[in-house]
Each structure stands twice: as C-alpha cells, then as structure tokens.
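Participant: Sending over a structure as structure tokens; questions will come in a sec.
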Amino acid sequence: MSSDFETYEQDFGTITAEVTNKIGKIPKLSGEEKTQLVLNVDKQLEEVKELLEQMDLEVREIPIQSRAMYNSRLKSYKQEVEKLEKDFKRSRIAYSDEVRNELLGDDAISSESQLIKLREERAHLLDNTEKLERSSRRLEAGYQIAVETEQVGQEILANLHTDREKIQRARERLRETDANLGKSSRILTGMLRRIIQNRVLVFVLGGIILLTIILAIYLNLRSH
C-alpha cells in the first residue's frame, strides 16, 4: 500500500518542479504566450490536487501505527501546493521590466511607487481571496460532517426503533406464555383435586364393602 503512496510522491515531485519553473517564467511573458503558459500551469495544479487526493485515500488504508508518518508528509505536500497557488496568482499579475516600461512609457520611474502599491494591494486581495476559499472549504467539510452525522443518527434511531419492536414482541410472547402457564396450572390443580376426590371415594366404598363383608360373616356365624 505504501508503494502506491511513494509512486504518487514521485509524480508529485516531478509536476511541482515543472510548475515552479513555469511560474518563474510567467512574469517575463506577455500576450498569448503568457496566457497559454498560465493555462498550462493551472492544468498541472489540478493534476497535483488530484495526486493529493489519491495520496489521502492511500493514507487512510495504511495501518494506524504507520499512518502518522504519512500524514505528516501529506500535510507538507498540501502546504507546498498552497504556496505554489499563491505564487501562481502573484505571477499572473506581475510584469517584466520591459512590459512595465512599455505600459508606463516616460512615466515609468515616477510611477514605480504606484505600481508597487498596486502590486501590494493585489497581493493583499489575493490573500483575502485565498482565506475566503479556505473558509469555504472548511464550511463545506463541516457541512459534509454534519450530513454524515445526521445519517448515522438516523440509522441509529432506525436500529433502536427496530430493537424496540423486537423487545415489545418478546414481551408479548412472554405474557402469552405466562398466561398459558397459569391456565395449565389451573387445569393441573383441578385434575389433582378430582384425583384426590376419586381416591377418597374409593377408600370410602372399600370401607363400606369391607364392613358389609364382615357383617355378613358375623351374621352367618351367629345363625349357626
């Protein structure tokens, strides 16, 4: 699993090196040439982000005891990409000396401070834009976590509802069993009572028959 991560690392290093080199060239270009290079860098940055996503997925599959090291490396790569994006945005608004002089003409020297101020303002604006984008990503991640938490909660509630129904059915069966046991107990008690009554009746009849026999023998002996 770590071999896949290292393969992505190699691709990451190759592409980021190319991006860094191209970002340094952007301020020196103008017109269509600059536009094409900007588009090319933008595409490569997207490829880099996809590599980061793949590495993130690989890290999640790595055993916990080895995961911390890869998480640290992945974090540094993400920081490197953030720096590249910041440099890329600044390079798109930067001008070479030749282009700046062409734009400003004879007022190039006197307008140098204004151009520097404009760069600072644009850089500040870019920083604020990046902060907004990061905040937006955090909000999206928080919303996703909330949605997942809600889904888990719904699944737990559904499971609890199912368990409750099972418990209620078990209780009903216990009540029915208890009622049947009570009924069986009453039937057995009645049967036992009748058995005792029948035995008493047999003893009584036996006693009467025995007394009759004794009395008959006695009367027979007496008559002789």
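A note on labels: chains of the structure tokens are A, B, ... as shown, every chain counts residues from 1, and ligands are counted from 1 in their shown order.
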Find the residues around Val59 (chain A) up to 7 Å (only C-alpha atoms counted), leave out those fewer than 6 positions away in its own chain, and share them as a ChimeraX atom specification.

Facilitator: /A:67,70-71

Participant: What separation in Å, quoted to one decimal, exists between CA of Val48 (chain A) and CA of Pro63 (chain A)?

Facilitator: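 We find that CA of Val48 (chain A) and CA of Pro63 (chain A) lie 24.8 Å from each other.
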
Participant: May I have the residues within 12 Å of Lys49 (chain A) as a list in words, using only C-alpha atoms and disregarding those fewer than 6 positions away in the same chain?

Facilitator: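 Returned residues: Tyr8, Asp11, Phe12, Ile15, Thr16, Asp42, Lys43, Met55, Asp56, Leu74, Tyr77, Lys78, Gln79, Glu80, Val81, Glu82, Leu84 and Glu85 of chain A.
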
Participant: Next, the residues of the selection above should be written as a PDB file, in the first residue's frame with N, CA, C and O atoms.

Facilitator:
ATOM      1  N   TYR A   8       2.904   8.032  -6.071  1.00  0.00           N
ATOM      2  CA  TYR A   8       2.239   9.334  -6.171  1.00  0.00           C
ATOM      3  C   TYR A   8       3.186  10.452  -5.747  1.00  0.00           C
ATOM      4  O   TYR A   8       3.155  11.567  -6.310  1.00  0.00           O
ATOM      5  N   ASP A  11       5.456  11.312  -8.715  1.00  0.00           N
ATOM      6  CA  ASP A  11       4.720  12.118  -9.699  1.00  0.00           C
ATOM      7  C   ASP A  11       4.516  13.534  -9.177  1.00  0.00           C
ATOM      8  O   ASP A  11       4.626  14.518  -9.937  1.00  0.00           O
ATOM      9  N   PHE A  12       4.214  13.639  -7.880  1.00  0.00           N
ATOM     10  CA  PHE A  12       4.014  14.947  -7.266  1.00  0.00           C
ATOM     11  C   PHE A  12       5.275  15.800  -7.383  1.00  0.00           C
ATOM     12  O   PHE A  12       5.223  16.978  -7.755  1.00  0.00           O
ATOM     13  N   ILE A  15       5.873  16.988 -11.114  1.00  0.00           N
ATOM     14  CA  ILE A  15       4.946  18.029 -11.604  1.00  0.00           C
ATOM     15  C   ILE A  15       5.183  19.346 -10.882  1.00  0.00           C
ATOM     16  O   ILE A  15       5.186  20.419 -11.507  1.00  0.00           O
ATOM     17  N   THR A  16       5.382  19.304  -9.554  1.00  0.00           N
ATOM     18  CA  THR A  16       5.589  20.560  -8.818  1.00  0.00           C
ATOM     19  C   THR A  16       6.883  21.249  -9.247  1.00  0.00           C
ATOM     20  O   THR A  16       6.956  22.482  -9.257  1.00  0.00           O
ATOM     21  N   ASP A  42      -2.160  26.069 -14.664  1.00  0.00           N
ATOM     22  CA  ASP A  42      -3.430  25.827 -13.983  1.00  0.00           C
ATOM     23  C   ASP A  42      -3.844  24.356 -14.104  1.00  0.00           C
ATOM     24  O   ASP A  42      -4.315  23.742 -13.137  1.00  0.00           O
ATOM     25  N   LYS A  43      -3.647  23.791 -15.290  1.00  0.00           N
ATOM     26  CA  LYS A  43      -3.977  22.373 -15.506  1.00  0.00           C
ATOM     27  C   LYS A  43      -3.093  21.471 -14.658  1.00  0.00           C
ATOM     28  O   LYS A  43      -3.561  20.486 -14.069  1.00  0.00           O
ATOM     29  N   MET A  55      -3.253  10.361  -2.645  1.00  0.00           N
ATOM     30  CA  MET A  55      -2.387  10.081  -1.505  1.00  0.00           C
ATOM     31  C   MET A  55      -3.191  10.048  -0.210  1.00  0.00           C
ATOM     32  O   MET A  55      -2.943   9.235   0.681  1.00  0.00           O
ATOM     33  N   ASP A  56      -4.162  10.945  -0.097  1.00  0.00           N
ATOM     34  CA  ASP A  56      -5.019  10.973   1.094  1.00  0.00           C
ATOM     35  C   ASP A  56      -5.787   9.661   1.235  1.00  0.00           C
ATOM     36  O   ASP A  56      -5.913   9.108   2.336  1.00  0.00           O
ATOM     37  N   LEU A  74       2.057  14.100   3.913  1.00  0.00           N
ATOM     38  CA  LEU A  74       0.937  14.614   3.121  1.00  0.00           C
ATOM     39  C   LEU A  74       0.628  16.060   3.485  1.00  0.00           C
ATOM     40  O   LEU A  74       0.335  16.885   2.607  1.00  0.00           O
ATOM     41  N   TYR A  77       3.059  18.349   1.811  1.00  0.00           N
ATOM     42  CA  TYR A  77       2.765  18.469   0.378  1.00  0.00           C
ATOM     43  C   TYR A  77       1.608  19.452   0.146  1.00  0.00           C
ATOM     44  O   TYR A  77       1.621  20.241  -0.807  1.00  0.00           O
ATOM     45  N   LYS A  78       0.611  19.388   1.010  1.00  0.00           N
ATOM     46  CA  LYS A  78      -0.521  20.313   0.881  1.00  0.00           C
ATOM     47  C   LYS A  78      -0.071  21.752   1.089  1.00  0.00           C
ATOM     48  O   LYS A  78      -0.518  22.663   0.384  1.00  0.00           O
ATOM     49  N   GLN A  79       0.813  21.957   2.051  1.00  0.00           N
ATOM     50  CA  GLN A  79       1.345  23.306   2.282  1.00  0.00           C
ATOM     51  C   GLN A  79       2.150  23.784   1.080  1.00  0.00           C
ATOM     52  O   GLN A  79       2.092  24.964   0.709  1.00  0.00           O
ATOM     53  N   GLU A  80       2.884  22.880   0.472  1.00  0.00           N
ATOM     54  CA  GLU A  80       3.666  23.233  -0.713  1.00  0.00           C
ATOM     55  C   GLU A  80       2.755  23.648  -1.863  1.00  0.00           C
ATOM     56  O   GLU A  80       3.038  24.617  -2.587  1.00  0.00           O
ATOM     57  N   VAL A  81       1.630  22.940  -2.033  1.00  0.00           N
ATOM     58  CA  VAL A  81       0.682  23.278  -3.098  1.00  0.00           C
ATOM     59  C   VAL A  81       0.047  24.637  -2.829  1.00  0.00           C
ATOM     60  O   VAL A  81      -0.153  25.439  -3.756  1.00  0.00           O
ATOM     61  N   GLU A  82      -0.286  24.898  -1.558  1.00  0.00           N
ATOM     62  CA  GLU A  82      -0.858  26.206  -1.222  1.00  0.00           C
ATOM     63  C   GLU A  82       0.121  27.329  -1.573  1.00  0.00           C
ATOM     64  O   GLU A  82      -0.286  28.376  -2.090  1.00  0.00           O
ATOM     65  N   LEU A  84       2.484  27.189  -3.891  1.00  0.00           N
ATOM     66  CA  LEU A  84       2.541  27.265  -5.351  1.00  0.00           C
ATOM     67  C   LEU A  84       1.356  28.044  -5.907  1.00  0.00           C
ATOM     68  O   LEU A  84       1.510  28.857  -6.827  1.00  0.00           O
ATOM     69  N   GLU A  85       0.163  27.788  -5.353  1.00  0.00           N
ATOM     70  CA  GLU A  85      -1.019  28.515  -5.827  1.00  0.00           C
ATOM     71  C   GLU A  85      -0.893  30.007  -5.554  1.00  0.00           C
ATOM     72  O   GLU A  85      -1.294  30.834  -6.380  1.00  0.00           O
TER      73      GLU A  85
END

Participant: May I ask for the distance between CA of Asn40 (chain A) and CA of Lys83 (chain A), given in Å to one decimal place?

Facilitator: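 Computing it gives 17.6 Å between the two atoms.
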
Participant: Do you have the CA of Phe5 (chain A)-CA of Met69 (chain A) distance handy?

Facilitator: 12.0 Å
